[in-house]
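Reproduced below: data_6.csv, with CSV, C-alpha atoms.
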chain,number,residue,atom,x,y,z
A,1,ARG,CA,112.3,133.7,99.5
A,2,ALA,CA,111.7,130.6,97.5
A,3,ASP,CA,113.6,129.9,94.3
A,4,LEU,CA,112.6,128.1,91.2
A,5,GLU,CA,116.1,128.0,89.7
A,6,GLY,CA,118.0,124.8,89.2
A,7,SER,CA,115.5,123.1,86.9
A,8,ASN,CA,114.8,123.6,83.3
A,9,PRO,CA,111.8,126.0,83.3
A,10,LYS,CA,110.9,125.0,79.8
A,11,GLY,CA,110.8,121.4,80.9
A,12,TRP,CA,108.0,122.2,83.4
A,13,LEU,CA,105.4,122.6,80.7
A,14,ARG,CA,106.8,120.6,77.8
A,15,PRO,CA,105.4,117.1,77.7
A,16,SER,CA,107.7,114.2,76.8
A,17,ARG,CA,106.8,112.3,73.6
A,18,GLY,CA,103.7,110.2,74.2
A,19,ALA,CA,103.1,111.6,77.7
A,20,PRO,CA,99.5,111.5,78.9
A,21,ALA,CA,97.6,114.8,79.4
A,22,ALA,CA,97.8,114.2,83.2
A,23,THR,CA,101.5,114.6,83.1
A,24,MET,CA,101.1,118.0,81.4
A,25,SER,CA,98.7,119.2,84.0
A,26,GLN,CA,101.0,118.0,86.8
A,27,ARG,CA,103.8,120.0,85.3
A,28,ALA,CA,101.6,123.1,84.8
A,29,SER,CA,100.5,122.8,88.4
A,30,ARG,CA,104.1,123.6,89.5
A,31,ILE,CA,103.9,127.1,88.2
A,32,ILE,CA,100.2,127.8,88.4
A,33,ARG,CA,100.3,128.0,92.1
A,34,TYR,CA,102.6,131.1,91.8
A,35,VAL,CA,100.0,133.1,89.8
A,36,SER,CA,99.5,136.5,91.6
A,37,TYR,CA,102.9,136.2,93.3
A,38,ARG,CA,105.6,138.9,92.8
A,39,MET,CA,108.2,137.2,90.6
A,40,ARG,CA,111.7,138.2,89.5
A,41,VAL,CA,112.3,137.0,85.9
A,42,SER,CA,116.0,136.9,85.0
A,43,LEU,CA,116.7,137.4,81.3
A,44,LYS,CA,119.5,136.2,79.0
A,45,ASP,CA,120.8,139.7,78.5
A,46,SER,CA,121.3,140.1,82.3
A,47,ARG,CA,118.2,142.3,82.9
A,48,ALA,CA,115.7,141.4,85.5
A,49,ILE,CA,112.0,142.1,85.4
A,50,VAL,CA,110.0,142.1,88.7
A,51,GLY,CA,106.2,142.0,88.5
A,52,THR,CA,103.0,140.1,89.4
A,53,LEU,CA,102.7,136.8,87.5
A,54,LEU,CA,99.3,137.0,85.7
A,55,ALA,CA,99.6,134.2,83.2
A,56,PHE,CA,101.9,131.8,81.4
A,57,ASP,CA,101.6,129.3,78.6
A,58,ARG,CA,103.3,126.0,77.6
A,59,HIS,CA,106.3,127.8,76.1
A,60,LEU,CA,106.8,129.6,79.4
A,61,ASN,CA,105.9,133.0,77.9
A,62,VAL,CA,104.8,135.0,80.9
A,63,VAL,CA,102.6,138.0,81.5
A,64,LEU,CA,103.6,140.3,84.3
A,65,GLY,CA,101.6,143.1,85.7
A,66,ASP,CA,103.0,146.3,87.4
A,67,ALA,CA,106.4,145.3,86.1
A,68,GLU,CA,109.7,147.1,86.7
A,69,GLU,CA,112.9,146.5,84.8
A,70,PHE,CA,116.3,146.4,86.6
A,71,ARG,CA,119.6,146.5,84.7
A,72,ARG,CA,123.2,147.0,85.7
A,73,VAL,CA,125.0,149.8,84.0
A,74,LYS,CA,128.7,150.5,84.2
A,75,HIS,CA,129.7,154.2,84.2
A,76,LYS,CA,133.2,155.6,84.0
A,77,LYS,CA,134.2,158.0,86.7
A,78,GLY,CA,137.2,160.3,86.6
A,79,GLY,CA,140.5,158.5,87.0
A,80,GLY,CA,139.5,155.4,85.0
A,81,VAL,CA,137.4,154.0,87.8
A,82,GLN,CA,134.2,152.2,86.7
A,83,GLU,CA,131.1,152.5,88.9
A,84,GLU,CA,128.3,150.0,88.5
A,85,ARG,CA,124.8,151.1,89.3
A,86,GLU,CA,121.4,149.6,88.9
A,87,ASP,CA,118.8,151.4,86.7
A,88,LYS,CA,115.2,150.9,87.4
A,89,ARG,CA,112.4,151.5,84.9
A,90,SER,CA,108.7,151.1,85.3
A,91,LEU,CA,107.1,149.1,82.5
A,92,GLY,CA,103.6,148.2,83.6
A,93,LEU,CA,102.0,145.2,81.8
A,94,VAL,CA,104.6,143.1,79.9
A,95,ILE,CA,104.8,139.8,78.0
A,96,VAL,CA,108.2,138.1,78.3
A,97,ARG,CA,109.0,135.5,75.7
A,98,GLY,CA,110.0,132.2,77.3
A,99,ASP,CA,113.1,131.8,75.1
A,100,ASN,CA,114.6,134.8,76.9
A,101,ILE,CA,114.0,133.6,80.4
A,102,VAL,CA,116.9,132.2,82.4
A,103,SER,CA,115.2,131.8,85.8
A,104,LEU,CA,112.1,132.7,87.9
A,105,THR,CA,112.4,133.7,91.5
A,106,ILE,CA,109.6,134.4,94.0
A,107,GLU,CA,110.0,138.0,95.3
A,108,GLY,CA,106.9,138.0,97.5
A,109,PRO,CA,103.5,136.4,98.2
A,110,PRO,CA,100.3,137.5,96.5
A,111,PRO,CA,98.6,140.5,98.2
A,112,PRO,CA,96.0,139.5,100.8
A,113,GLU,CA,92.5,139.4,99.5
A,114,ASP,CA,90.2,141.9,101.1
A,115,ASP,CA,86.5,141.3,101.0
A,116,GLU,CA,86.0,145.0,101.8
A,117,LYS,CA,87.4,146.0,98.4
A,118,ALA,CA,84.1,145.0,96.7
A,119,ALA,CA,81.5,147.6,96.7
A,120,PRO,CA,78.3,146.7,98.5
A,121,GLY,CA,75.4,145.8,96.1
A,122,GLY,CA,72.1,147.6,96.1
A,123,PRO,CA,70.9,150.6,98.0
Would you mind writing the file's structure down as structure tokens?
Amino acid sequence: RADLEGSNPKGWLRPSRGAPAATMSQRASRIIRYVSYRMRVSLKDSRAIVGTLLAFDRHLNVVLGDAEEFRRVKHKKGGGVQEEREDKRSLGLVIVRGDNIVSLTIEGPPPPEDDEKAAPGGP
């Protein structure tokens, strides 16, 4: 499980003043190699969204497919004991604003490409 935490995710795609276009493409290449990977996006409000990375932009807004939201909820049980559990919700296709992202973590590699998926052409 690889981890992209520890660096400023917004810094990956933000060129410094007067930086040449090549620098911008080098920074973009750090995250573009993870397109189609299953990613866990941790948000500022302690939620996590897991989905397939489909696209991103220079602001680190990300598009995730087949996304699921995970959040920790504290419930009170009898006797004043609090129980924490994780709720899971299926979201589908989502766009996450880059300002809300704390970290990106790789959950799994992209699915293997099967050439048999394509329907044969012609009769």
>> Taking all atoms listed in the file into account, name the residue in A:Gly122, A:Glu113, A:Gly78, A:Glu68 that is nearest to Arg47 of chain A.
In response: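 Checking each of A:Gly122, A:Glu113, A:Gly78, A:Glu68 against Arg47 of chain A, counting all atoms listed in the file, the winner is A:Glu68.
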> Which residues come within 7 Å of Tyr37 of chain A, counting only C-alpha atoms, excluding same-chain residues fewer than 5 positions away, as a list in words?
Replying inline: Thr52, Leu53, Ile106, Gly108, Pro109 and Pro110 of chain A
> Near Ser46 of chain A, counting only C-alpha atoms, which residues have an atom at most 12 Å away, once you skip same-chain residues fewer than 5 positions from it, shown as a PyMOL selection string?
Replying inline: chain A and resi 41+69-73+86+100-103
> To one decimal place, how far is atom CA of His59 of chain A from atom CA of Gly92 of chain A in Å?
Replying inline: 21.9 Å
>> When you count all atoms listed in the file, which of these residues is closest to Ile49 of chain A: A:Pro111, A:Pro123, A:Gly65, A:Gly79?
In response: A:Gly65
>> Between atom CA of Glu107 of chain A and atom CA of Arg40 of chain A, what is the distance in Å, rounded to a tenth?
In response: 6.0 Å
> Given the choices A:Ile31, A:Ala55, A:Val62, A:Ala48, which gets closest to Arg89 of chain A if the distance is worked out from all atoms listed in the file?
Replying inline: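 Closest to Arg89 of chain A of all the choices is A:Ala48.
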> What is the distance, in Å and to one decimal place, between atom CA of Val63 of chain A and atom CA of Leu91 of chain A?
Replying inline: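 Taking atom CA of Val63 of chain A as the start and atom CA of Leu91 of chain A as the end point, the length is 12.0 Å.
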>> Under the rule that only C-alpha atoms are counted, which of A:Leu54, A:Asp99, A:Lys74, A:Ser42 is the nearest residue to Asp87 of chain A?
In response: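 Closest to Asp87 of chain A, using only C-alpha atoms: A:Lys74.
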> A:Leu64, A:Lys44, A:Phe56, A:Val35: which is nearest Val94 of chain A, counting only C-alpha atoms?
Replying inline: A:Leu64
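Among the candidates A:Ile32, A:Ala67, A:Leu104, A:Met39, the one nearest to Ser90 of chain A when counting only C-alpha atoms is A:Ala67.
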